[in-house]
Protein chains: 2
Amino acid sequence: MIMEDTVVRTEIAQEILANETAALERWCKGDPDGFLEISADDVDYFDPYQAARIKSHAELRQLYDGLRGMVKVESFELISPNVRVCGDMAVLTFNFVSRDEGGSENRWNTTEVYQRFGADWRIIHSHWSYTQPKLADSQG
Amino acid sequence: MIMEDTVVRTEIAQEILANETAALERWCKGDPDGFLEISADDVDYFDPYQAARIKSHAELRQLYDGLRGMVKVESFELISPNVRVCGDMAVLTFNFVSRDEGGSENRWNTTEVYQRFGADWRIIHSHWSYTQPKLADSQG
């Protein structure tokens, strides 16, 4: 039973990581629909640009529609991704590095919380932030 | 049954929010043990100062031991906290504002993922980042 449970959780972890990577590949080509398709109706969301938490799929769509075609990432890397599965919820964390055509690099801390709805795993919470951002003032 | 489930989830949400607030009250007086006591052995953790994800309670303890007695927050506020419970996992998200004695303010985006171990809810993942940080260069 413990063995079976471990196998199932490993399969779920692989599925979630594959879904996340596929959405990122589309995102990096300027296509936000990959993430919109795997986000739940009541998804909430943090990134460094928002004044407050985004609280629904409709709000996220509005944000992402404004970014459509604007993101151009040459290559990216998920560093030491980790998925922890507990029943119908799972949390994926990783450090993320993206490089643009000019070779400049952005480094991110990423949390993606997934929940199972029927056969599908959907993002219910997303948190993107910079890794060690260089701040302009004494903030922090 | 649905009613009961909703009541139970509301009680869990209240318990988690109370635990988080109690740990924050200690944190803001320079005492990190509140968070260490409610963090799981395999907790992982992001904040803006770390080069990579912290991956265990031992690593988190090392970080927090270095901050012991150094944090002095005069007042704080959790803005629109939200807890979503799914079985033995729960995700708490909020915006956080802290003010020091001089009145200067820091604004944060916060994600806390909790898991139930026996009777207790423990943090298995923590992600703290600045809300709209002012960056020094073209990062982002």
# chains A, B, ... in the order shown; residues from 1 in each chain; ligands from 1
call {"tool": "residues_around", "arguments": {"residues": "Gln115 in chain B", "least_positions_apart": "2", "cutoff": "8 Å", "atoms": "only C-alpha atoms", "output": "tab-separated table (two decimals) with N, CA, C and O atoms, in the first residue's frame"}}
result
chain	number	residue	atom	x	y	z
B	88	ASP	N	-5.94	17.15	3.73
B	88	ASP	CA	-4.92	17.43	4.74
B	88	ASP	C	-3.93	18.49	4.30
B	88	ASP	O	-2.84	18.61	4.87
B	89	MET	N	-4.27	19.25	3.25
B	89	MET	CA	-3.40	20.34	2.84
B	89	MET	C	-4.23	21.61	2.78
B	89	MET	O	-5.44	21.57	2.56
B	90	ALA	N	-3.58	22.74	3.03
B	90	ALA	CA	-4.28	24.03	2.98
B	90	ALA	C	-3.31	25.09	2.52
B	90	ALA	O	-2.11	25.02	2.82
B	113	VAL	N	1.85	27.27	2.73
B	113	VAL	CA	1.16	26.01	2.52
B	113	VAL	C	1.30	25.17	3.78
B	113	VAL	O	2.41	24.95	4.27
B	117	PHE	N	-0.45	17.02	10.16
B	117	PHE	CA	0.30	15.86	10.67
B	117	PHE	C	-0.35	15.50	12.00
B	117	PHE	O	-0.18	16.22	12.98
B	121	TRP	N	-1.42	21.26	12.28
B	121	TRP	CA	-1.12	21.81	10.97
B	121	TRP	C	0.26	22.43	10.99
B	121	TRP	O	0.58	23.22	11.88
B	122	ARG	N	1.09	22.06	10.01
B	122	ARG	CA	2.47	22.54	9.95
B	122	ARG	C	2.73	23.18	8.59
B	122	ARG	O	2.20	22.71	7.57
B	123	ILE	N	3.59	24.20	8.57
B	123	ILE	CA	3.97	24.82	7.29
B	123	ILE	C	4.92	23.89	6.55
B	123	ILE	O	5.95	23.49	7.08
B	124	ILE	N	4.55	23.54	5.31
B	124	ILE	CA	5.46	22.74	4.49
B	124	ILE	C	6.10	23.60	3.39
B	124	ILE	O	7.08	23.18	2.77
call {"tool": "interface_residues", "arguments": {"of": "chain A", "to": "chain B", "cutoff": "6 Å", "atoms": "only C-alpha atoms", "output": "PDB file with all heavy atoms, in the first residue's frame"}}
result
ATOM      1  N   PRO A  48       5.702  40.244  -9.005  1.00  0.00           N
ATOM      2  CA  PRO A  48       6.264  41.465  -8.409  1.00  0.00           C
ATOM      3  C   PRO A  48       5.608  42.756  -8.899  1.00  0.00           C
ATOM      4  O   PRO A  48       5.905  43.824  -8.363  1.00  0.00           O
ATOM      5  CB  PRO A  48       7.737  41.429  -8.860  1.00  0.00           C
ATOM      6  CG  PRO A  48       8.009  40.030  -9.292  1.00  0.00           C
ATOM      7  CD  PRO A  48       6.709  39.496  -9.793  1.00  0.00           C
ATOM      8  N   TYR A  49       4.763  42.700  -9.902  1.00  0.00           N
ATOM      9  CA  TYR A  49       4.232  43.914 -10.523  1.00  0.00           C
ATOM     10  C   TYR A  49       2.867  44.338 -10.007  1.00  0.00           C
ATOM     11  O   TYR A  49       2.419  45.449 -10.284  1.00  0.00           O
ATOM     12  CB  TYR A  49       4.154  43.725 -12.044  1.00  0.00           C
ATOM     13  CG  TYR A  49       5.449  43.231 -12.630  1.00  0.00           C
ATOM     14  CD1 TYR A  49       5.574  41.926 -13.087  1.00  0.00           C
ATOM     15  CD2 TYR A  49       6.555  44.068 -12.681  1.00  0.00           C
ATOM     16  CE1 TYR A  49       6.782  41.468 -13.592  1.00  0.00           C
ATOM     17  CE2 TYR A  49       7.768  43.612 -13.184  1.00  0.00           C
ATOM     18  CZ  TYR A  49       7.877  42.318 -13.639  1.00  0.00           C
ATOM     19  OH  TYR A  49       9.059  41.865 -14.126  1.00  0.00           O
ATOM     20  N   THR A 131      14.443  36.257  -7.469  1.00  0.00           N
ATOM     21  CA  THR A 131      15.470  35.751  -6.576  1.00  0.00           C
ATOM     22  C   THR A 131      16.486  36.865  -6.327  1.00  0.00           C
ATOM     23  O   THR A 131      17.054  37.399  -7.279  1.00  0.00           O
ATOM     24  CB  THR A 131      16.188  34.548  -7.223  1.00  0.00           C
ATOM     25  OG1 THR A 131      15.217  33.565  -7.593  1.00  0.00           O
ATOM     26  CG2 THR A 131      17.194  33.932  -6.268  1.00  0.00           C
ATOM     27  N   GLN A 132      16.675  37.225  -5.069  1.00  0.00           N
ATOM     28  CA  GLN A 132      17.629  38.277  -4.683  1.00  0.00           C
ATOM     29  C   GLN A 132      17.558  39.512  -5.592  1.00  0.00           C
ATOM     30  O   GLN A 132      18.551  39.874  -6.237  1.00  0.00           O
ATOM     31  CB  GLN A 132      19.054  37.711  -4.678  1.00  0.00           C
ATOM     32  CG  GLN A 132      19.253  36.626  -3.622  1.00  0.00           C
ATOM     33  CD  GLN A 132      20.690  36.137  -3.547  1.00  0.00           C
ATOM     34  OE1 GLN A 132      21.315  35.856  -4.577  1.00  0.00           O
ATOM     35  NE2 GLN A 132      21.220  36.019  -2.354  1.00  0.00           N
ATOM     36  N   LYS A 134      17.806  43.212  -6.909  1.00  0.00           N
ATOM     37  CA  LYS A 134      18.620  44.375  -6.507  1.00  0.00           C
ATOM     38  C   LYS A 134      17.666  45.554  -6.330  1.00  0.00           C
ATOM     39  O   LYS A 134      17.076  46.040  -7.282  1.00  0.00           O
ATOM     40  CB  LYS A 134      19.654  44.690  -7.589  1.00  0.00           C
ATOM     41  CG  LYS A 134      20.701  43.611  -7.735  1.00  0.00           C
ATOM     42  CD  LYS A 134      21.750  44.022  -8.789  1.00  0.00           C
ATOM     43  CE  LYS A 134      22.652  42.848  -9.123  1.00  0.00           C
ATOM     44  NZ  LYS A 134      22.475  42.348 -10.499  1.00  0.00           N
ATOM     45  N   LEU A 135      17.537  46.004  -5.086  1.00  0.00           N
ATOM     46  CA  LEU A 135      16.552  47.027  -4.784  1.00  0.00           C
ATOM     47  C   LEU A 135      17.125  48.429  -4.946  1.00  0.00           C
ATOM     48  O   LEU A 135      18.318  48.655  -4.738  1.00  0.00           O
ATOM     49  CB  LEU A 135      16.019  46.828  -3.375  1.00  0.00           C
ATOM     50  CG  LEU A 135      15.328  45.469  -3.146  1.00  0.00           C
ATOM     51  CD1 LEU A 135      14.908  45.325  -1.692  1.00  0.00           C
ATOM     52  CD2 LEU A 135      14.136  45.290  -4.060  1.00  0.00           C
ATOM     53  N   ALA A 136      16.238  49.362  -5.315  1.00  0.00           N
ATOM     54  CA  ALA A 136      16.676  50.735  -5.605  1.00  0.00           C
ATOM     55  C   ALA A 136      16.951  51.530  -4.339  1.00  0.00           C
ATOM     56  O   ALA A 136      17.755  52.450  -4.341  1.00  0.00           O
ATOM     57  CB  ALA A 136      15.606  51.448  -6.430  1.00  0.00           C
TER      58      ALA A 136
END
call {"tool": "select_by_dssp", "arguments": {"residues": "chain B", "states": "strand (DSSP E or B)", "output": "PyMOL selection string"}}
result
chain B and resi 39-46+54+75-86+89-99+105-117+120-130+135
call {"tool": "closest_residue", "arguments": {"among": "B:Gly118, B:Thr10, B:Ile54, B:Cys28", "to": "Arg68 in chain B", "atoms": "only C-alpha atoms"}}
result
B:Cys28
call {"tool": "residues_around", "arguments": {"residues": "Leu24 in chain B", "least_positions_apart": "5", "cutoff": "9 Å", "atoms": "only C-alpha atoms", "output": "short mmCIF file (atom, residue, chain, number, x, y, z; two decimals) with N, CA and C atoms, in the first residue's frame"}}
result
data_model
loop_
_atom_site.label_atom_id
_atom_site.label_comp_id
_atom_site.auth_asym_id
_atom_site.auth_seq_id
_atom_site.Cartn_x
_atom_site.Cartn_y
_atom_site.Cartn_z
N ASN B 19 -2.85 30.49 13.98
CA ASN B 19 -1.46 30.03 14.16
C ASN B 19 -0.48 30.95 13.45
N LYS B 29 8.56 40.64 17.08
CA LYS B 29 9.30 41.04 18.29
C LYS B 29 10.69 40.42 18.31
N PRO B 32 11.97 34.17 16.31
CA PRO B 32 11.61 33.32 15.17
C PRO B 32 11.07 31.94 15.57
N GLY B 34 8.38 30.96 16.95
CA GLY B 34 6.98 30.71 16.61
C GLY B 34 6.88 30.02 15.26
N PHE B 35 7.58 30.54 14.27
CA PHE B 35 7.56 29.91 12.94
C PHE B 35 8.28 28.57 12.94
N PHE B 76 1.66 45.43 12.29
CA PHE B 76 1.52 44.74 11.00
C PHE B 76 0.05 44.48 10.69
#
call {"tool": "closest_residue", "arguments": {"among": "A:Val7, A:Val73, A:Asp120, A:Thr21", "to": "Ala40 in chain A", "atoms": "only C-alpha atoms"}}
result
A:Asp120
call {"tool": "atom_distance", "arguments": {"atom1": "CA of Glu25 in chain B", "atom2": "CA of Arg9 in chain B"}}
result
24.2 Å
call {"tool": "select_by_dssp", "arguments": {"residues": "chain B", "states": "helix (DSSP H, G or I)", "output": "PDB file with N, CA and C atoms, in the first residue's frame"}}
result
ATOM      1  N   ILE B   2     -22.493  18.526   2.940  1.00  0.00           N
ATOM      2  CA  ILE B   2     -21.784  19.688   2.393  1.00  0.00           C
ATOM      3  C   ILE B   2     -21.662  20.770   3.466  1.00  0.00           C
ATOM      4  N   MET B   3     -22.772  20.967   4.204  1.00  0.00           N
ATOM      5  CA  MET B   3     -22.759  21.946   5.292  1.00  0.00           C
ATOM      6  C   MET B   3     -21.660  21.620   6.298  1.00  0.00           C
ATOM      7  N   GLU B   4     -21.632  20.335   6.756  1.00  0.00           N
ATOM      8  CA  GLU B   4     -20.623  19.916   7.730  1.00  0.00           C
ATOM      9  C   GLU B   4     -19.217  20.165   7.204  1.00  0.00           C
ATOM     10  N   ASP B   5     -19.015  19.803   5.962  1.00  0.00           N
ATOM     11  CA  ASP B   5     -17.710  19.967   5.342  1.00  0.00           C
ATOM     12  C   ASP B   5     -17.298  21.436   5.345  1.00  0.00           C
ATOM     13  N   THR B   6     -18.259  22.291   5.046  1.00  0.00           N
ATOM     14  CA  THR B   6     -17.967  23.725   5.022  1.00  0.00           C
ATOM     15  C   THR B   6     -17.608  24.231   6.415  1.00  0.00           C
ATOM     16  N   VAL B   7     -18.334  23.737   7.421  1.00  0.00           N
ATOM     17  CA  VAL B   7     -18.047  24.138   8.808  1.00  0.00           C
ATOM     18  C   VAL B   7     -16.639  23.697   9.203  1.00  0.00           C
ATOM     19  N   VAL B   8     -16.318  22.429   8.908  1.00  0.00           N
ATOM     20  CA  VAL B   8     -14.990  21.916   9.249  1.00  0.00           C
ATOM     21  C   VAL B   8     -13.907  22.740   8.565  1.00  0.00           C
ATOM     22  N   ARG B   9     -14.109  23.027   7.278  1.00  0.00           N
ATOM     23  CA  ARG B   9     -13.091  23.794   6.564  1.00  0.00           C
ATOM     24  C   ARG B   9     -12.959  25.212   7.108  1.00  0.00           C
ATOM     25  N   THR B  10     -14.069  25.784   7.537  1.00  0.00           N
ATOM     26  CA  THR B  10     -14.018  27.122   8.140  1.00  0.00           C
ATOM     27  C   THR B  10     -13.243  27.083   9.449  1.00  0.00           C
ATOM     28  N   GLU B  11     -13.483  26.025  10.241  1.00  0.00           N
ATOM     29  CA  GLU B  11     -12.745  25.888  11.512  1.00  0.00           C
ATOM     30  C   GLU B  11     -11.251  25.722  11.258  1.00  0.00           C
ATOM     31  N   ILE B  12     -10.902  24.912  10.266  1.00  0.00           N
ATOM     32  CA  ILE B  12      -9.486  24.715   9.931  1.00  0.00           C
ATOM     33  C   ILE B  12      -8.871  26.038   9.473  1.00  0.00           C
ATOM     34  N   ALA B  13      -9.592  26.754   8.637  1.00  0.00           N
ATOM     35  CA  ALA B  13      -9.088  28.038   8.136  1.00  0.00           C
ATOM     36  C   ALA B  13      -8.824  28.991   9.298  1.00  0.00           C
ATOM     37  N   GLN B  14      -9.755  29.017  10.253  1.00  0.00           N
ATOM     38  CA  GLN B  14      -9.587  29.907  11.413  1.00  0.00           C
ATOM     39  C   GLN B  14      -8.379  29.496  12.252  1.00  0.00           C
ATOM     40  N   GLU B  15      -8.219  28.168  12.424  1.00  0.00           N
ATOM     41  CA  GLU B  15      -7.086  27.667  13.216  1.00  0.00           C
ATOM     42  C   GLU B  15      -5.763  28.045  12.554  1.00  0.00           C
ATOM     43  N   ILE B  16      -5.679  27.847  11.238  1.00  0.00           N
ATOM     44  CA  ILE B  16      -4.446  28.149  10.499  1.00  0.00           C
ATOM     45  C   ILE B  16      -4.136  29.649  10.556  1.00  0.00           C
ATOM     46  N   LEU B  17      -5.155  30.455  10.378  1.00  0.00           N
ATOM     47  CA  LEU B  17      -4.942  31.906  10.402  1.00  0.00           C
ATOM     48  C   LEU B  17      -4.512  32.364  11.799  1.00  0.00           C
ATOM     49  N   ALA B  18      -5.080  31.753  12.827  1.00  0.00           N
ATOM     50  CA  ALA B  18      -4.692  32.086  14.207  1.00  0.00           C
ATOM     51  C   ALA B  18      -3.233  31.684  14.462  1.00  0.00           C
ATOM     52  N   ASN B  19      -2.846  30.490  13.978  1.00  0.00           N
ATOM     53  CA  ASN B  19      -1.460  30.026  14.155  1.00  0.00           C
ATOM     54  C   ASN B  19      -0.477  30.949  13.452  1.00  0.00           C
ATOM     55  N   GLU B  20      -0.827  31.319  12.227  1.00  0.00           N
ATOM     56  CA  GLU B  20       0.050  32.192  11.440  1.00  0.00           C
ATOM     57  C   GLU B  20       0.200  33.556  12.130  1.00  0.00           C
ATOM     58  N   THR B  21      -0.918  34.096  12.604  1.00  0.00           N
ATOM     59  CA  THR B  21      -0.891  35.418  13.251  1.00  0.00           C
ATOM     60  C   THR B  21      -0.071  35.378  14.531  1.00  0.00           C
ATOM     61  N   ALA B  22      -0.220  34.292  15.307  1.00  0.00           N
ATOM     62  CA  ALA B  22       0.557  34.154  16.547  1.00  0.00           C
ATOM     63  C   ALA B  22       2.052  34.080  16.242  1.00  0.00           C
ATOM     64  N   ALA B  23       2.423  33.330  15.194  1.00  0.00           N
ATOM     65  CA  ALA B  23       3.840  33.228  14.812  1.00  0.00           C
ATOM     66  C   ALA B  23       4.361  34.584  14.340  1.00  0.00           C
ATOM     67  N   LEU B  24       3.521  35.318  13.613  1.00  0.00           N
ATOM     68  CA  LEU B  24       3.927  36.648  13.128  1.00  0.00           C
ATOM     69  C   LEU B  24       4.121  37.624  14.289  1.00  0.00           C
ATOM     70  N   GLU B  25       3.249  37.528  15.288  1.00  0.00           N
ATOM     71  CA  GLU B  25       3.399  38.426  16.446  1.00  0.00           C
ATOM     72  C   GLU B  25       4.745  38.197  17.127  1.00  0.00           C
ATOM     73  N   ARG B  26       5.144  36.929  17.259  1.00  0.00           N
ATOM     74  CA  ARG B  26       6.456  36.635  17.853  1.00  0.00           C
ATOM     75  C   ARG B  26       7.568  37.094  16.922  1.00  0.00           C
ATOM     76  N   TRP B  27       7.427  36.803  15.626  1.00  0.00           N
ATOM     77  CA  TRP B  27       8.432  37.198  14.634  1.00  0.00           C
ATOM     78  C   TRP B  27       8.714  38.704  14.708  1.00  0.00           C
ATOM     79  N   ASP B  33      11.066  31.628  16.878  1.00  0.00           N
ATOM     80  CA  ASP B  33      10.691  30.269  17.281  1.00  0.00           C
ATOM     81  C   ASP B  33       9.235  29.941  16.994  1.00  0.00           C
ATOM     82  N   GLY B  34       8.385  30.963  16.950  1.00  0.00           N
ATOM     83  CA  GLY B  34       6.984  30.706  16.607  1.00  0.00           C
ATOM     84  C   GLY B  34       6.876  30.019  15.261  1.00  0.00           C
ATOM     85  N   PHE B  35       7.584  30.541  14.270  1.00  0.00           N
ATOM     86  CA  PHE B  35       7.555  29.915  12.942  1.00  0.00           C
ATOM     87  C   PHE B  35       8.279  28.570  12.936  1.00  0.00           C
ATOM     88  N   LEU B  36       9.401  28.498  13.659  1.00  0.00           N
ATOM     89  CA  LEU B  36      10.123  27.216  13.671  1.00  0.00           C
ATOM     90  C   LEU B  36       9.265  26.117  14.300  1.00  0.00           C
ATOM     91  N   GLU B  37       8.482  26.479  15.313  1.00  0.00           N
ATOM     92  CA  GLU B  37       7.639  25.476  15.987  1.00  0.00           C
ATOM     93  C   GLU B  37       6.508  24.965  15.104  1.00  0.00           C
ATOM     94  N   HIS B  57      13.956  22.099   7.566  1.00  0.00           N
ATOM     95  CA  HIS B  57      13.796  22.817   8.830  1.00  0.00           C
ATOM     96  C   HIS B  57      15.159  23.199   9.393  1.00  0.00           C
ATOM     97  N   ALA B  58      16.160  22.337   9.228  1.00  0.00           N
ATOM     98  CA  ALA B  58      17.512  22.634   9.744  1.00  0.00           C
ATOM     99  C   ALA B  58      18.090  23.868   9.056  1.00  0.00           C
ATOM    100  N   GLU B  59      17.908  23.955   7.735  1.00  0.00           N
ATOM    101  CA  GLU B  59      18.389  25.134   7.007  1.00  0.00           C
ATOM    102  C   GLU B  59      17.628  26.392   7.428  1.00  0.00           C
ATOM    103  N   LEU B  60      16.316  26.237   7.629  1.00  0.00           N
ATOM    104  CA  LEU B  60      15.499  27.390   8.043  1.00  0.00           C
ATOM    105  C   LEU B  60      15.915  27.853   9.439  1.00  0.00           C
ATOM    106  N   ARG B  61      16.181  26.895  10.312  1.00  0.00           N
ATOM    107  CA  ARG B  61      16.611  27.241  11.671  1.00  0.00           C
ATOM    108  C   ARG B  61      17.921  28.032  11.639  1.00  0.00           C
ATOM    109  N   GLN B  62      18.845  27.578  10.787  1.00  0.00           N
ATOM    110  CA  GLN B  62      20.133  28.271  10.677  1.00  0.00           C
ATOM    111  C   GLN B  62      19.917  29.740  10.250  1.00  0.00           C
ATOM    112  N   LEU B  63      19.045  29.923   9.231  1.00  0.00           N
ATOM    113  CA  LEU B  63      18.734  31.276   8.770  1.00  0.00           C
ATOM    114  C   LEU B  63      18.106  32.099   9.891  1.00  0.00           C
ATOM    115  N   TYR B  64      17.102  31.543  10.541  1.00  0.00           N
ATOM    116  CA  TYR B  64      16.343  32.291  11.553  1.00  0.00           C
ATOM    117  C   TYR B  64      17.179  32.555  12.806  1.00  0.00           C
ATOM    118  N   ASP B  65      18.070  31.619  13.159  1.00  0.00           N
ATOM    119  CA  ASP B  65      18.942  31.848  14.312  1.00  0.00           C
ATOM    120  C   ASP B  65      19.774  33.113  14.104  1.00  0.00           C
TER     121      ASP B  65
END
call {"tool": "decode", "arguments": {"residues": "range 60-77 of chain A", "atoms": "N, CA, C and O atoms", "output": "JSON list (two decimals), in the first residue's frame"}}
result
[["chain", "number", "residue", "atom", "x", "y", "z"],
["A", 60, "LEU", "N", -6.87, 37.25, -13.85],
["A", 60, "LEU", "CA", -5.61, 36.76, -14.41],
["A", 60, "LEU", "C", -5.63, 36.86, -15.93],
["A", 60, "LEU", "O", -4.64, 37.25, -16.55],
["A", 61, "ARG", "N", -6.78, 36.52, -16.52],
["A", 61, "ARG", "CA", -6.91, 36.62, -17.98],
["A", 61, "ARG", "C", -6.69, 38.05, -18.45],
["A", 61, "ARG", "O", -6.00, 38.30, -19.44],
["A", 62, "GLN", "N", -7.26, 39.00, -17.72],
["A", 62, "GLN", "CA", -7.10, 40.41, -18.08],
["A", 62, "GLN", "C", -5.61, 40.80, -18.07],
["A", 62, "GLN", "O", -5.12, 41.44, -19.00],
["A", 63, "LEU", "N", -4.91, 40.38, -17.02],
["A", 63, "LEU", "CA", -3.47, 40.66, -16.93],
["A", 63, "LEU", "C", -2.72, 40.02, -18.09],
["A", 63, "LEU", "O", -1.91, 40.66, -18.77],
["A", 64, "TYR", "N", -2.98, 38.74, -18.32],
["A", 64, "TYR", "CA", -2.23, 37.98, -19.33],
["A", 64, "TYR", "C", -2.57, 38.44, -20.74],
["A", 64, "TYR", "O", -1.71, 38.41, -21.62],
["A", 65, "ASP", "N", -3.82, 38.85, -20.96],
["A", 65, "ASP", "CA", -4.19, 39.35, -22.29],
["A", 65, "ASP", "C", -3.32, 40.56, -22.65],
["A", 65, "ASP", "O", -2.95, 40.75, -23.81],
["A", 66, "GLY", "N", -2.99, 41.37, -21.65],
["A", 66, "GLY", "CA", -2.15, 42.54, -21.88],
["A", 66, "GLY", "C", -0.70, 42.19, -22.18],
["A", 66, "GLY", "O", 0.07, 43.03, -22.65],
["A", 67, "LEU", "N", -0.31, 40.96, -21.88],
["A", 67, "LEU", "CA", 1.08, 40.52, -22.10],
["A", 67, "LEU", "C", 1.23, 39.64, -23.34],
["A", 67, "LEU", "O", 2.34, 39.25, -23.71],
["A", 68, "ARG", "N", 0.10, 39.34, -23.97],
["A", 68, "ARG", "CA", 0.09, 38.43, -25.11],
["A", 68, "ARG", "C", 1.05, 38.91, -26.21],
["A", 68, "ARG", "O", 1.02, 40.07, -26.61],
["A", 69, "GLY", "N", 1.97, 38.04, -26.62],
["A", 69, "GLY", "CA", 2.91, 38.39, -27.69],
["A", 69, "GLY", "C", 4.11, 39.20, -27.22],
["A", 69, "GLY", "O", 5.00, 39.50, -28.01],
["A", 70, "MET", "N", 4.14, 39.56, -25.94],
["A", 70, "MET", "CA", 5.21, 40.45, -25.47],
["A", 70, "MET", "C", 6.39, 39.72, -24.82],
["A", 70, "MET", "O", 7.48, 40.27, -24.73],
["A", 71, "VAL", "N", 6.17, 38.50, -24.35],
["A", 71, "VAL", "CA", 7.25, 37.77, -23.68],
["A", 71, "VAL", "C", 8.05, 36.99, -24.72],
["A", 71, "VAL", "O", 7.47, 36.24, -25.52],
["A", 72, "LYS", "N", 9.35, 37.22, -24.76],
["A", 72, "LYS", "CA", 10.21, 36.45, -25.66],
["A", 72, "LYS", "C", 11.41, 35.94, -24.89],
["A", 72, "LYS", "O", 12.38, 36.66, -24.69],
["A", 73, "VAL", "N", 11.31, 34.71, -24.46],
["A", 73, "VAL", "CA", 12.40, 34.10, -23.68],
["A", 73, "VAL", "C", 13.09, 33.07, -24.58],
["A", 73, "VAL", "O", 12.44, 32.22, -25.18],
["A", 74, "GLU", "N", 14.42, 33.18, -24.67],
["A", 74, "GLU", "CA", 15.19, 32.30, -25.55],
["A", 74, "GLU", "C", 15.33, 30.90, -24.94],
["A", 74, "GLU", "O", 15.16, 29.90, -25.63],
["A", 75, "SER", "N", 15.63, 30.85, -23.67],
["A", 75, "SER", "CA", 15.76, 29.54, -23.01],
["A", 75, "SER", "C", 15.44, 29.70, -21.52],
["A", 75, "SER", "O", 15.52, 30.80, -20.97],
["A", 76, "PHE", "N", 15.02, 28.61, -20.93],
["A", 76, "PHE", "CA", 14.73, 28.66, -19.49],
["A", 76, "PHE", "C", 15.13, 27.35, -18.84],
["A", 76, "PHE", "O", 15.33, 26.33, -19.50],
["A", 77, "GLU", "N", 15.17, 27.43, -17.52],
["A", 77, "GLU", "CA", 15.57, 26.25, -16.76],
["A", 77, "GLU", "C", 14.80, 26.22, -15.44],
["A", 77, "GLU", "O", 14.68, 27.25, -14.77]]
